[in-house]
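Pasted below: input_5.tsv, TSV, C-alpha atoms and all ligand atoms.
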```tsv
chain	number	residue	atom	x	y	z
T	1	MET	CA	66.78	64.90	305.51
T	2	ILE	CA	65.97	62.33	308.17
T	3	SER	CA	68.70	61.90	310.76
T	4	ALA	CA	70.50	58.56	310.92
T	5	PRO	CA	70.64	56.37	314.03
T	6	LEU	CA	74.42	56.33	313.77
T	7	ARG	CA	76.82	59.21	313.41
T	8	LEU	CA	80.48	59.85	312.92
T	9	ARG	CA	81.71	62.82	314.90
T	10	LEU	CA	84.70	64.29	313.07
T	11	ASP	CA	87.17	66.58	314.83
T	12	GLY	CA	88.19	69.14	312.21
T	13	ALA	CA	90.64	70.84	314.58
T	14	ALA	CA	92.41	67.52	315.16
T	15	LEU	CA	92.60	66.92	311.39
T	16	ALA	CA	94.16	70.34	310.81
T	17	ASP	CA	96.51	69.96	313.80
T	18	ASN	CA	97.63	66.54	312.56
T	19	TRP	CA	98.48	68.08	309.18
T	20	ARG	CA	100.40	70.93	310.88
T	21	GLN	CA	102.37	68.44	312.96
T	22	LEU	CA	103.27	66.43	309.87
T	23	ASP	CA	104.11	69.62	307.98
T	24	THR	CA	106.49	70.64	310.77
T	25	ALA	CA	107.98	67.15	310.88
T	26	SER	CA	108.51	67.37	307.10
T	27	GLY	CA	111.01	70.20	307.70
T	28	SER	CA	111.65	72.30	304.61
T	29	ALA	CA	109.65	69.88	302.43
T	30	ALA	CA	106.03	70.73	301.62
T	31	CYS	CA	103.43	68.46	303.20
T	32	GLY	CA	100.64	67.16	300.96
T	33	ALA	CA	97.71	64.87	301.75
T	34	ALA	CA	96.50	61.51	300.47
T	35	VAL	CA	92.71	61.84	300.24
T	36	LYS	CA	91.97	58.71	298.20
T	37	ALA	CA	89.15	56.36	299.21
T	38	ASP	CA	86.94	59.37	300.03
T	39	GLY	CA	89.46	60.89	302.41
T	40	TYR	CA	90.10	57.51	304.07
T	41	GLY	CA	86.38	57.14	304.70
T	42	LEU	CA	85.78	60.51	306.38
T	43	GLY	CA	84.52	62.41	303.31
T	44	ALA	CA	87.06	63.77	300.83
T	45	ILE	CA	85.39	67.10	300.12
T	46	ALA	CA	85.20	68.10	303.80
T	47	VAL	CA	88.76	66.85	304.38
T	48	VAL	CA	90.24	68.76	301.42
T	49	ARG	CA	88.44	71.98	302.37
T	50	ARG	CA	89.82	71.83	305.89
T	51	LEU	CA	93.36	70.87	304.89
T	52	ALA	CA	93.49	73.52	302.17
T	53	ALA	CA	92.43	76.11	304.77
T	54	ALA	CA	95.26	74.86	307.02
T	55	GLY	CA	97.75	75.43	304.18
T	56	CYS	CA	98.00	72.09	302.39
T	57	ARG	CA	98.55	72.51	298.64
T	58	ASP	CA	99.08	69.01	297.16
T	59	PHE	CA	96.38	66.33	297.21
T	60	PHE	CA	96.58	62.71	296.06
T	61	VAL	CA	93.70	60.50	294.91
T	62	ALA	CA	93.73	57.03	293.35
T	63	THR	CA	91.35	57.40	290.38
T	64	TRP	CA	89.95	59.98	287.98
T	65	ALA	CA	86.48	59.55	289.47
T	66	GLU	CA	87.97	60.66	292.79
T	67	ALA	CA	89.64	63.63	291.07
T	68	GLU	CA	86.40	64.64	289.38
T	69	HIS	CA	84.60	64.52	292.73
T	70	LEU	CA	87.07	67.13	294.08
T	71	ALA	CA	87.60	69.19	290.93
T	72	ALA	CA	85.30	72.06	291.95
T	73	LEU	CA	87.48	72.77	295.00
T	74	GLY	CA	90.21	74.04	292.70
T	75	VAL	CA	93.14	72.41	294.53
T	76	SER	CA	96.16	70.68	292.99
T	77	LEU	CA	95.32	67.01	292.51
T	78	SER	CA	97.48	64.06	291.47
T	79	VAL	CA	95.94	60.75	290.36
T	80	LEU	CA	98.16	57.97	291.69
T	81	HIS	CA	96.91	55.27	289.32
T	82	GLY	CA	97.94	57.16	286.20
T	83	VAL	CA	95.95	57.24	282.99
T	84	ARG	CA	94.10	54.44	281.25
T	85	VAL	CA	92.79	54.94	277.71
T	86	GLU	CA	89.34	55.48	279.26
T	87	ASP	CA	90.67	58.27	281.49
T	88	MET	CA	92.21	60.38	278.74
T	89	PRO	CA	89.25	62.69	277.97
T	90	LEU	CA	89.10	63.74	281.63
T	91	ALA	CA	92.87	63.70	282.13
T	92	ILE	CA	93.63	65.93	279.16
T	93	SER	CA	91.25	68.57	280.55
T	94	GLY	CA	93.96	69.42	283.09
T	95	MET	CA	91.75	68.89	286.13
T	96	ALA	CA	94.52	66.85	287.78
T	97	ARG	CA	97.99	65.53	287.03
T	98	PRO	CA	98.31	61.84	286.25
T	99	VAL	CA	101.07	60.01	288.11
T	100	LEU	CA	102.54	58.08	285.17
T	101	ASN	CA	103.44	54.56	286.27
T	102	THR	CA	104.28	52.61	283.12
T	103	ALA	CA	105.99	53.12	279.77
T	104	ALA	CA	102.58	52.75	278.08
T	105	GLN	CA	101.15	55.54	280.24
T	106	VAL	CA	104.13	57.76	279.40
T	107	ALA	CA	103.63	57.09	275.69
T	108	ARG	CA	99.90	57.75	275.95
T	109	TRP	CA	100.48	61.07	277.73
T	110	LYS	CA	103.12	62.20	275.24
T	111	ALA	CA	101.02	61.20	272.23
T	112	ALA	CA	98.08	63.21	273.55
T	113	GLY	CA	100.27	66.26	274.13
T	114	GLY	CA	99.39	66.14	277.83
T	115	GLY	CA	100.55	68.92	280.11
T	116	ALA	CA	102.05	68.72	283.58
T	117	CYS	CA	102.33	65.25	285.03
T	118	ASP	CA	103.92	63.34	287.89
T	119	VAL	CA	105.93	60.13	287.61
T	120	MET	CA	106.11	57.14	289.97
T	121	VAL	CA	109.35	55.16	290.16
T	122	ASP	CA	109.55	51.75	291.80
T	123	THR	CA	112.43	51.44	294.26
T	124	GLY	CA	111.69	47.97	295.58
T	125	MET	CA	108.04	47.69	296.54
T	126	ASN	CA	107.17	46.15	293.18
T	127	ARG	CA	103.77	47.75	293.11
T	128	LEU	CA	103.27	50.67	290.70
T	129	GLY	CA	105.98	52.60	288.90
T	130	LEU	CA	108.70	52.69	286.28
T	131	SER	CA	112.01	51.03	287.05
T	132	ILE	CA	114.97	53.30	287.80
T	133	GLU	CA	116.45	52.14	284.49
T	134	GLU	CA	113.32	53.18	282.58
T	135	ALA	CA	113.21	56.51	284.37
T	136	THR	CA	116.81	57.31	283.38
T	137	SER	CA	116.68	55.86	279.86
T	138	GLY	CA	115.37	58.93	278.07
T	139	LEU	CA	111.80	57.64	278.26
T	140	LEU	CA	110.79	60.73	280.25
T	141	ASP	CA	112.39	63.24	277.87
T	142	GLY	CA	109.93	65.91	276.79
T	143	LEU	CA	107.51	65.45	279.68
T	144	ALA	CA	106.63	68.40	281.92
T	145	ILE	CA	107.20	66.58	285.22
T	146	ASP	CA	106.07	68.36	288.36
T	147	THR	CA	106.90	65.64	290.91
T	148	ILE	CA	108.78	62.37	290.65
T	149	MET	CA	107.87	60.03	293.47
T	150	SER	CA	108.42	56.60	294.92
T	151	HIS	CA	106.66	54.71	297.72
T	152	LEU	CA	108.11	53.00	300.79
T	153	ALA	CA	107.13	49.37	301.36
T	154	CYS	CA	108.12	49.13	305.05
T	155	ALA	CA	108.06	52.66	306.46
T	156	ASP	CA	106.18	51.49	309.56
T	157	VAL	CA	108.93	49.09	310.65
T	158	ASP	CA	112.70	49.28	311.10
T	159	GLY	CA	114.88	47.29	308.75
T	160	PRO	CA	117.23	47.64	305.81
T	161	MET	CA	114.51	48.21	303.20
T	162	ASN	CA	113.83	51.88	304.07
T	163	ALA	CA	117.43	53.05	303.64
T	164	ARG	CA	117.76	50.97	300.49
T	165	GLN	CA	114.71	52.56	298.90
T	166	CYS	CA	115.78	56.03	300.06
T	167	ALA	CA	119.24	55.60	298.50
T	168	ALA	CA	117.80	54.26	295.24
T	169	PHE	CA	115.45	57.23	295.04
T	170	SER	CA	118.17	59.76	295.96
T	171	ALA	CA	120.19	58.53	293.00
T	172	LEU	CA	117.56	60.13	290.76
T	173	LYS	CA	118.45	63.64	292.00
T	174	ASN	CA	119.18	65.85	288.98
T	175	ARG	CA	118.72	62.93	286.61
T	176	THR	CA	115.19	63.87	285.49
T	177	SER	CA	113.51	67.14	284.65
T	178	ALA	CA	111.16	66.83	287.65
T	179	GLN	CA	110.76	69.99	289.70
T	180	ARG	CA	110.18	68.08	292.95
T	181	MET	CA	110.89	64.71	294.52
T	182	SER	CA	108.56	62.93	296.97
T	183	LEU	CA	109.01	59.68	298.92
T	184	ALA	CA	107.51	59.68	302.43
T	185	ASN	CA	104.01	58.58	303.45
T	186	SER	CA	102.85	59.10	307.07
T	187	ALA	CA	105.26	56.60	308.61
T	188	GLY	CA	108.03	57.72	306.25
T	189	ILE	CA	107.88	61.24	307.71
T	190	ALA	CA	108.91	59.73	311.07
T	191	LEU	CA	112.04	58.25	309.46
T	192	GLY	CA	113.66	61.69	309.42
T	193	LYS	CA	114.61	64.50	307.10
T	194	ASP	CA	116.53	62.31	304.63
T	195	TYR	CA	113.16	60.86	303.63
T	196	ALA	CA	111.28	64.14	303.19
T	197	PHE	CA	112.85	65.36	299.89
T	198	ASP	CA	110.65	68.22	298.53
T	199	LEU	CA	107.15	66.95	299.31
T	200	THR	CA	105.65	64.41	301.74
T	201	ARG	CA	102.41	62.49	301.17
T	202	PRO	CA	100.80	61.50	304.48
T	203	GLY	CA	97.39	59.86	304.56
T	204	LEU	CA	96.69	57.71	307.60
T	205	ALA	CA	98.28	59.99	310.22
T	206	LEU	CA	96.13	62.94	309.10
T	207	TYR	CA	93.12	60.91	310.15
T	208	GLY	CA	94.50	59.80	313.51
T	209	GLY	CA	96.40	56.66	312.50
T	210	ILE	CA	99.68	55.98	314.29
T	211	MET	CA	102.17	53.57	312.74
T	212	ARG	CA	105.38	54.86	314.40
T	213	ALA	CA	106.04	55.61	318.08
T	214	ALA	CA	107.25	59.11	317.17
T	215	HIS	CA	103.70	59.99	316.15
T	216	GLU	CA	102.09	58.94	319.46
T	217	ARG	CA	102.47	62.39	320.99
T	218	LEU	CA	101.82	64.33	317.75
T	219	ILE	CA	98.72	62.73	316.26
T	220	ARG	CA	95.16	62.94	317.62
T	221	GLN	CA	92.04	60.89	316.95
T	222	VAL	CA	89.76	62.44	314.32
T	223	ALA	CA	86.87	59.97	313.83
T	224	PHE	CA	84.48	59.05	316.66
T	225	PRO	CA	81.63	56.65	315.78
T	226	GLU	CA	78.43	56.78	317.83
T	227	ALA	CA	75.23	54.74	317.64
T	228	GLN	CA	71.77	55.09	319.08
T	229	ILE	CA	70.20	52.52	321.42
T	230	LEU	CA	67.23	50.79	319.73
T	231	GLN	CA	66.26	48.56	322.65
T	232	ARG	CA	67.25	47.90	326.25
T	233	ARG	CA	66.63	44.46	327.71
T	234	ARG	CA	67.48	42.25	330.66
T	235	VAL	CA	69.19	38.99	329.69
T	236	ALA	CA	68.64	36.33	332.33
T	237	ALA	CA	71.54	34.35	333.78
T	238	GLY	CA	72.23	31.38	331.49
T	239	ALA	CA	70.66	33.01	328.38
T	240	SER	CA	72.76	33.94	325.33
T	241	ILE	CA	73.10	36.98	323.08
T	242	GLY	CA	73.33	37.23	319.30
T	243	TYR	CA	74.22	34.95	316.39
T	244	ASN	CA	75.62	31.56	317.31
T	245	ALA	CA	75.03	32.34	320.98
T	246	THR	CA	78.72	33.08	321.54
T	247	PHE	CA	78.03	34.99	324.78
T	248	THR	CA	76.17	33.46	327.69
T	249	ALA	CA	75.25	35.68	330.64
T	250	ALA	CA	76.83	34.44	333.89
T	251	ALA	CA	74.34	36.57	335.87
T	252	ASP	CA	71.29	38.65	334.97
T	253	THR	CA	72.71	41.31	332.61
T	254	GLU	CA	71.37	44.65	331.38
T	255	VAL	CA	71.96	44.98	327.64
T	256	ALA	CA	71.54	47.77	325.07
T	257	ILE	CA	71.20	46.99	321.37
T	258	LEU	CA	72.96	49.63	319.23
T	259	ASN	CA	72.23	50.64	315.64
T	260	ILE	CA	75.67	49.80	314.19
T	261	GLY	CA	77.21	46.66	312.73
T	262	TYR	CA	79.76	45.28	310.33
T	263	ALA	CA	77.95	46.77	307.32
T	264	ASP	CA	78.90	50.14	308.84
T	265	GLY	CA	82.54	49.15	309.31
T	266	TYR	CA	82.11	48.08	312.92
T	267	TRP	CA	83.73	44.78	312.01
T	268	ARG	CA	82.97	41.33	313.36
T	269	GLY	CA	86.45	41.43	314.89
T	270	PHE	CA	85.00	43.67	317.60
T	271	SER	CA	82.79	40.76	318.75
T	272	GLY	CA	83.34	40.29	322.47
T	273	VAL	CA	86.27	42.76	322.53
T	274	GLY	CA	84.86	46.12	321.38
T	275	MET	CA	83.96	48.81	323.92
T	276	GLY	CA	81.18	51.36	324.12
T	277	HIS	CA	81.20	54.46	326.30
T	278	ALA	CA	78.43	56.60	327.80
T	279	GLY	CA	78.22	58.71	330.92
T	280	GLY	CA	81.87	58.04	331.69
T	281	CYS	CA	81.28	54.26	331.88
T	282	ASP	CA	82.78	51.41	329.86
T	283	LEU	CA	80.12	49.32	328.09
T	284	PRO	CA	81.71	46.09	326.77
T	285	VAL	CA	80.45	44.53	323.53
T	286	LEU	CA	78.71	41.24	324.28
T	287	GLY	CA	78.55	38.43	321.71
T	288	ARG	CA	78.92	38.69	317.99
T	289	VAL	CA	78.63	41.91	315.97
T	290	SER	CA	75.71	41.58	313.50
T	291	MET	CA	75.43	43.29	310.12
T	292	ASP	CA	73.48	46.24	311.51
T	293	LEU	CA	73.42	45.75	315.30
T	294	VAL	CA	75.63	45.14	318.28
T	295	ALA	CA	74.89	44.47	321.97
T	296	VAL	CA	76.71	46.21	324.84
T	297	CYS	CA	76.49	45.65	328.59
T	298	VAL	CA	74.77	48.57	330.36
T	299	ASP	CA	74.76	47.23	333.94
T	300	ALA	CA	76.74	50.36	334.85
T	301	LEU	CA	74.06	52.79	333.63
T	302	PRO	CA	70.53	52.05	334.86
T	303	SER	CA	69.12	55.20	333.28
T	304	LEU	CA	70.46	54.66	329.75
T	305	GLY	CA	67.68	53.69	327.35
T	306	GLU	CA	66.07	53.75	323.92
T	307	GLY	CA	67.19	56.74	321.86
T	308	ASP	CA	70.30	57.47	323.93
T	309	TRP	CA	73.67	57.58	322.20
T	310	VAL	CA	76.67	55.35	322.87
T	311	SER	CA	80.14	56.12	321.51
T	312	LEU	CA	82.32	53.25	320.35
T	313	ALA	CA	86.00	53.13	321.23
T	314	PHE	CA	87.81	53.83	317.95
T	315	GLU	CA	91.25	55.07	318.93
T	316	LEU	CA	92.94	53.56	315.90
T	317	PRO	CA	96.01	51.70	317.25
T	318	ASP	CA	93.95	50.14	320.05
T	319	ALA	CA	90.90	49.44	317.87
T	320	ALA	CA	93.12	47.77	315.27
T	321	ALA	CA	94.80	45.60	317.90
T	322	ARG	CA	91.45	44.54	319.33
T	323	SER	CA	89.63	43.87	316.08
T	324	GLY	CA	92.44	42.32	314.05
T	325	MET	CA	91.86	44.90	311.30
T	326	SER	CA	94.47	47.42	310.16
T	327	GLN	CA	94.08	51.10	311.05
T	328	TYR	CA	93.65	51.73	307.30
T	329	GLU	CA	90.81	49.20	307.03
T	330	LEU	CA	89.04	50.64	310.09
T	331	LEU	CA	88.94	54.12	308.55
T	332	THR	CA	88.19	53.22	304.94
T	333	GLY	CA	85.51	50.75	306.02
T	334	LEU	CA	83.39	53.41	307.74
T	335	GLY	CA	80.11	53.04	305.87
T	336	ARG	CA	77.65	55.29	304.07
T	337	ARG	CA	74.95	55.07	306.74
T	338	PHE	CA	76.66	57.41	309.22
T	339	ASP	CA	75.68	61.05	309.44
T	340	ARG	CA	79.12	62.66	309.24
T	341	LEU	CA	79.18	65.59	311.65
T	342	TRP	CA	82.20	67.88	311.68
T	343	LEU	CA	82.94	69.69	314.93
T	344	ASP	CA	84.61	73.13	314.72
N	401	LIG	C1	98.11	55.88	300.11
N	401	LIG	C2	99.39	56.44	299.68
N	401	LIG	C3	100.06	57.37	300.48
N	401	LIG	C4	99.63	57.68	301.90
N	401	LIG	O1	100.07	56.62	302.73
N	401	LIG	P1	99.78	56.58	304.31
N	401	LIG	O2	100.46	55.33	304.77
N	401	LIG	O3	98.31	56.50	304.48
N	401	LIG	O4	100.36	57.81	304.89
N	401	LIG	C5	101.19	57.98	299.95
N	401	LIG	N1	101.66	57.66	298.71
N	401	LIG	C6	101.07	56.74	297.93
N	401	LIG	C7	101.64	56.41	296.61
N	401	LIG	C8	99.93	56.08	298.39
N	401	LIG	O5	99.36	55.14	297.64
```
Written as structure tokens, how would this file's structure read?
Ligand SMILES: *Cc1c(COP(=O)(O)O)cnc(C)c1O
Amino acid sequence: MISAPLRLRLDGAALADNWRQLDTASGSAACGAAVKADGYGLGAIAVVRRLAAAGCRDFFVATWAEAEHLAALGVSLSVLHGVRVEDMPLAISGMARPVLNTAAQVARWKAAGGGACDVMVDTGMNRLGLSIEEATSGLLDGLAIDTIMSHLACADVDGPMNARQCAAFSALKNRTSAQRMSLANSAGIALGKDYAFDLTRPGLALYGGIMRAAHERLIRQVAFPEAQILQRRRVAAGASIGYNATFTAAADTEVAILNIGYADGYWRGFSGVGMGHAGGCDLPVLGRVSMDLVAVCVDALPSLGEGDWVSLAFELPDAAARSGMSQYELLTGLGRRFDRLWLD
């Protein structure tokens, strides 16, 4: 297959180390992995293979299409969005456990004689899940529940909501037939052992995202975008670069045009604030990011030219602050045009 002019270098050792750090931080609880949205944009099959080899046993996807994509790997999968009528033929095959979110989903699963399932309970986020009252009303009687779970709305910030949700969830201990309880996402793991229960469900931090200070020294960058130079040019003092001429050169400026743009997930928010790197030099983004192209200043590197590669700064907390996108959006936006190259 023809090679692409943009590539995503993926550090498999960092991915596995991030999982091990989160597993350790989860204490006696098992540590699973959220691999929805194609493993947060990195490629779910490669991510699951590596995490399973590291010892991860519980994987979470959003939809049945995502479960089907991973089915051949033979790992334990839970489908967070539950089961629609349309999902039942696949769901009943036992390829994954549905996370039942509503009374209608519970009824559908029971009526079909479904096997092991998970259950989501809402403890204040008001997104998916049964109410505590529903979960303790007898509605769940007769289900073979592996894991009962809830999701934290504010795990990345301090405030009263976390403890409130944790207490509401704790009150379900021994009140359902579930074998395990699970509450914490990545940031929730940093809230301490009270939040770990039996199983944690990190996503973002596996892939290098850092939402709590405690993770700064534990979590390493996994995804490194790089793009090839298509053209090098000299922009004369007073001339502009790119759409809407938002950058005007104060002096004659050496510029490289890179094969990456917002259609690849290098968002327009990086216009004028993104940073390239090559040969140990910083190469600032000049002007507006186009759909498929971006310009960087290469005054620092006279020898850099057509066909050479430039890496783009993508350390997630910093890249999110610069671009105005969330760390989640930066990862899940990484497009289909990259060659994804795993190191290790
Ligand atoms: C996405 C998701 C996770 C993982 O959250 P991160 O913040 O990425 O760690 C865990 N649980 C549920 C229910 C989710 O939807």
What does the distance between CA of Val119 in chain T and CA of Pro98 in chain T come to in Å, to one decimal place?
7.9 Å
Around all of range 277-289 of chain T's listed atoms, make the axis-aligned box with 8 Å on each side and tell me centre and edge lengths in Å to one decimal, as AutoDock Vina command-line options.
```
--center_x 80.5 --center_y 48.6 --center_z 323.9 --size_x 20.6 --size_y 36.3 --size_z 31.9
```
Using only C-alpha atoms, determine which residues lie at most 12 Å from Glu329 in chain T, disregarding the query and same-chain residues fewer than 6 positions distant; provide the list as a PDB file with C-alpha atoms, keeping the file's coordinate frame.
```pdb
ATOM      1  CA  ALA T  37      89.150  56.360 299.210  1.00  0.00           C
ATOM      2  CA  TYR T  40      90.100  57.510 304.070  1.00  0.00           C
ATOM      3  CA  GLY T  41      86.380  57.140 304.700  1.00  0.00           C
ATOM      4  CA  LEU T 204      96.690  57.710 307.600  1.00  0.00           C
ATOM      5  CA  GLY T 209      96.400  56.660 312.500  1.00  0.00           C
ATOM      6  CA  GLY T 265      82.540  49.150 309.310  1.00  0.00           C
ATOM      7  CA  TYR T 266      82.110  48.080 312.920  1.00  0.00           C
ATOM      8  CA  TRP T 267      83.730  44.780 312.010  1.00  0.00           C
ATOM      9  CA  GLY T 269      86.450  41.430 314.890  1.00  0.00           C
ATOM     10  CA  LEU T 316      92.940  53.560 315.900  1.00  0.00           C
ATOM     11  CA  PRO T 317      96.010  51.700 317.250  1.00  0.00           C
ATOM     12  CA  ALA T 319      90.900  49.440 317.870  1.00  0.00           C
ATOM     13  CA  ALA T 320      93.120  47.770 315.270  1.00  0.00           C
ATOM     14  CA  SER T 323      89.630  43.870 316.080  1.00  0.00           C
ATOM     15  CA  GLY T 335      80.110  53.040 305.870  1.00  0.00           C
TER      16      GLY T 335
END
```
What residues have an atom no more than 12 Å from (66.2, 54.2, 327.2) in the file's own frame, counting all atoms listed in the file, and can you write them as a ChimeraX atom specification?
/T:228-233,254-258,298,301-310
Keeping only C-alpha atoms, write those residues as a PDB file, keeping the file's coordinate frame.
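Resulting contents of result.pdb:
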```
ATOM      1  CA  GLN T 228      71.770  55.090 319.080  1.00  0.00           C
ATOM      2  CA  ILE T 229      70.200  52.520 321.420  1.00  0.00           C
ATOM      3  CA  LEU T 230      67.230  50.790 319.730  1.00  0.00           C
ATOM      4  CA  GLN T 231      66.260  48.560 322.650  1.00  0.00           C
ATOM      5  CA  ARG T 232      67.250  47.900 326.250  1.00  0.00           C
ATOM      6  CA  ARG T 233      66.630  44.460 327.710  1.00  0.00           C
ATOM      7  CA  GLU T 254      71.370  44.650 331.380  1.00  0.00           C
ATOM      8  CA  VAL T 255      71.960  44.980 327.640  1.00  0.00           C
ATOM      9  CA  ALA T 256      71.540  47.770 325.070  1.00  0.00           C
ATOM     10  CA  ILE T 257      71.200  46.990 321.370  1.00  0.00           C
ATOM     11  CA  LEU T 258      72.960  49.630 319.230  1.00  0.00           C
ATOM     12  CA  VAL T 298      74.770  48.570 330.360  1.00  0.00           C
ATOM     13  CA  LEU T 301      74.060  52.790 333.630  1.00  0.00           C
ATOM     14  CA  PRO T 302      70.530  52.050 334.860  1.00  0.00           C
ATOM     15  CA  SER T 303      69.120  55.200 333.280  1.00  0.00           C
ATOM     16  CA  LEU T 304      70.460  54.660 329.750  1.00  0.00           C
ATOM     17  CA  GLY T 305      67.680  53.690 327.350  1.00  0.00           C
ATOM     18  CA  GLU T 306      66.070  53.750 323.920  1.00  0.00           C
ATOM     19  CA  GLY T 307      67.190  56.740 321.860  1.00  0.00           C
ATOM     20  CA  ASP T 308      70.300  57.470 323.930  1.00  0.00           C
ATOM     21  CA  TRP T 309      73.670  57.580 322.200  1.00  0.00           C
ATOM     22  CA  VAL T 310      76.670  55.350 322.870  1.00  0.00           C
TER      23      VAL T 310
END
```
Can I get the residues close to ligand LIG 401 (chain N) as a PDB file with C-alpha atoms, keeping the file's coordinate frame, where close means within 8 Å and we count only C-alpha atoms and all ligand atoms?
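Writing done, so here's result09.pdb:
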```pdb
ATOM      1  CA  ALA T  33      97.710  64.870 301.750  1.00  0.00           C
ATOM      2  CA  ALA T  34      96.500  61.510 300.470  1.00  0.00           C
ATOM      3  CA  LYS T  36      91.970  58.710 298.200  1.00  0.00           C
ATOM      4  CA  PHE T  60      96.580  62.710 296.060  1.00  0.00           C
ATOM      5  CA  ALA T  62      93.730  57.030 293.350  1.00  0.00           C
ATOM      6  CA  LEU T  80      98.160  57.970 291.690  1.00  0.00           C
ATOM      7  CA  MET T 149     107.870  60.030 293.470  1.00  0.00           C
ATOM      8  CA  SER T 150     108.420  56.600 294.920  1.00  0.00           C
ATOM      9  CA  HIS T 151     106.660  54.710 297.720  1.00  0.00           C
ATOM     10  CA  LEU T 183     109.010  59.680 298.920  1.00  0.00           C
ATOM     11  CA  ALA T 184     107.510  59.680 302.430  1.00  0.00           C
ATOM     12  CA  ASN T 185     104.010  58.580 303.450  1.00  0.00           C
ATOM     13  CA  SER T 186     102.850  59.100 307.070  1.00  0.00           C
ATOM     14  CA  ALA T 187     105.260  56.600 308.610  1.00  0.00           C
ATOM     15  CA  GLY T 188     108.030  57.720 306.250  1.00  0.00           C
ATOM     16  CA  ARG T 201     102.410  62.490 301.170  1.00  0.00           C
ATOM     17  CA  PRO T 202     100.800  61.500 304.480  1.00  0.00           C
ATOM     18  CA  GLY T 203      97.390  59.860 304.560  1.00  0.00           C
ATOM     19  CA  LEU T 204      96.690  57.710 307.600  1.00  0.00           C
ATOM     20  CA  ALA T 205      98.280  59.990 310.220  1.00  0.00           C
ATOM     21  CA  LEU T 206      96.130  62.940 309.100  1.00  0.00           C
ATOM     22  CA  TYR T 328      93.650  51.730 307.300  1.00  0.00           C
TER      23      TYR T 328
END
```
Give me, please, the distance in Å between CA of Ile241 in chain T and CA of Val273 in chain T, quoted to one decimal.
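According to the coordinates, CA of Ile241 in chain T and CA of Val273 in chain T are separated by 14.4 Å.
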Between CA of Ser3 in chain T and CA of Leu343 in chain T, measure the distance and give it in Å to one decimal.
16.8 Å
Residues around (76.4, 36.1, 317.2), cut-off 9 Å, counting only C-alpha atoms - what are they as a list in words?
Ile241, Gly242, Tyr243, Asn244, Ala245, Thr246, Phe247, Ser271, Gly287, Arg288, Val289 and Ser290 of chain T
Within 7 Å of range 25-31 of chain T using all atoms listed in the file, minus same-chain residues under 2 positions, as an MDAnalysis selection string
chainID T and resid 21:23 33 56 189 193 196:201
What does the file look like for those residues with C-alpha atoms, as a PDB file, in the frame of the given file?
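Saved result, out_6.pdb, follows:
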```
ATOM      1  CA  GLN T  21     102.370  68.440 312.960  1.00  0.00           C
ATOM      2  CA  LEU T  22     103.270  66.430 309.870  1.00  0.00           C
ATOM      3  CA  ASP T  23     104.110  69.620 307.980  1.00  0.00           C
ATOM      4  CA  ALA T  33      97.710  64.870 301.750  1.00  0.00           C
ATOM      5  CA  CYS T  56      98.000  72.090 302.390  1.00  0.00           C
ATOM      6  CA  ILE T 189     107.880  61.240 307.710  1.00  0.00           C
ATOM      7  CA  LYS T 193     114.610  64.500 307.100  1.00  0.00           C
ATOM      8  CA  ALA T 196     111.280  64.140 303.190  1.00  0.00           C
ATOM      9  CA  PHE T 197     112.850  65.360 299.890  1.00  0.00           C
ATOM     10  CA  ASP T 198     110.650  68.220 298.530  1.00  0.00           C
ATOM     11  CA  LEU T 199     107.150  66.950 299.310  1.00  0.00           C
ATOM     12  CA  THR T 200     105.650  64.410 301.740  1.00  0.00           C
ATOM     13  CA  ARG T 201     102.410  62.490 301.170  1.00  0.00           C
TER      14      ARG T 201
END
```
Residues within 8 Å of Ala135 in chain T, only C-alpha atoms, excluding chain neighbours under 4 positions, as a ChimeraX atom specification
/T:121,130-131,139-140,176
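For the residues T:Ser326, T:Asn259, T:Thr136, T:Asn18, ranking by smallest atom-to-atom distance to Ala54 in chain T using all atoms listed in the file places T:Asn18 first.
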Find the residues near Leu8 in chain T: any atom within 12 Å, counting all atoms listed in the file, skip ones fewer than 5 places away on the same chain, and give them as a PyMOL selection string.
chain T and resi 41-43+222-228+260+264-266+309-312+314+331+334-343
Go ahead and save the residues from that selection, with C-alpha atoms, as a short mmCIF file (atom, residue, chain, number, x, y, z; two decimals), in the frame of the given file.
```
data_model
loop_
_atom_site.label_atom_id
_atom_site.label_comp_id
_atom_site.auth_asym_id
_atom_site.auth_seq_id
_atom_site.Cartn_x
_atom_site.Cartn_y
_atom_site.Cartn_z
CA GLY T 41 86.38 57.14 304.70
CA LEU T 42 85.78 60.51 306.38
CA GLY T 43 84.52 62.41 303.31
CA VAL T 222 89.76 62.44 314.32
CA ALA T 223 86.87 59.97 313.83
CA PHE T 224 84.48 59.05 316.66
CA PRO T 225 81.63 56.65 315.78
CA GLU T 226 78.43 56.78 317.83
CA ALA T 227 75.23 54.74 317.64
CA GLN T 228 71.77 55.09 319.08
CA ILE T 260 75.67 49.80 314.19
CA ASP T 264 78.90 50.14 308.84
CA GLY T 265 82.54 49.15 309.31
CA TYR T 266 82.11 48.08 312.92
CA TRP T 309 73.67 57.58 322.20
CA VAL T 310 76.67 55.35 322.87
CA SER T 311 80.14 56.12 321.51
CA LEU T 312 82.32 53.25 320.35
CA PHE T 314 87.81 53.83 317.95
CA LEU T 331 88.94 54.12 308.55
CA LEU T 334 83.39 53.41 307.74
CA GLY T 335 80.11 53.04 305.87
CA ARG T 336 77.65 55.29 304.07
CA ARG T 337 74.95 55.07 306.74
CA PHE T 338 76.66 57.41 309.22
CA ASP T 339 75.68 61.05 309.44
CA ARG T 340 79.12 62.66 309.24
CA LEU T 341 79.18 65.59 311.65
CA TRP T 342 82.20 67.88 311.68
CA LEU T 343 82.94 69.69 314.93
#
```
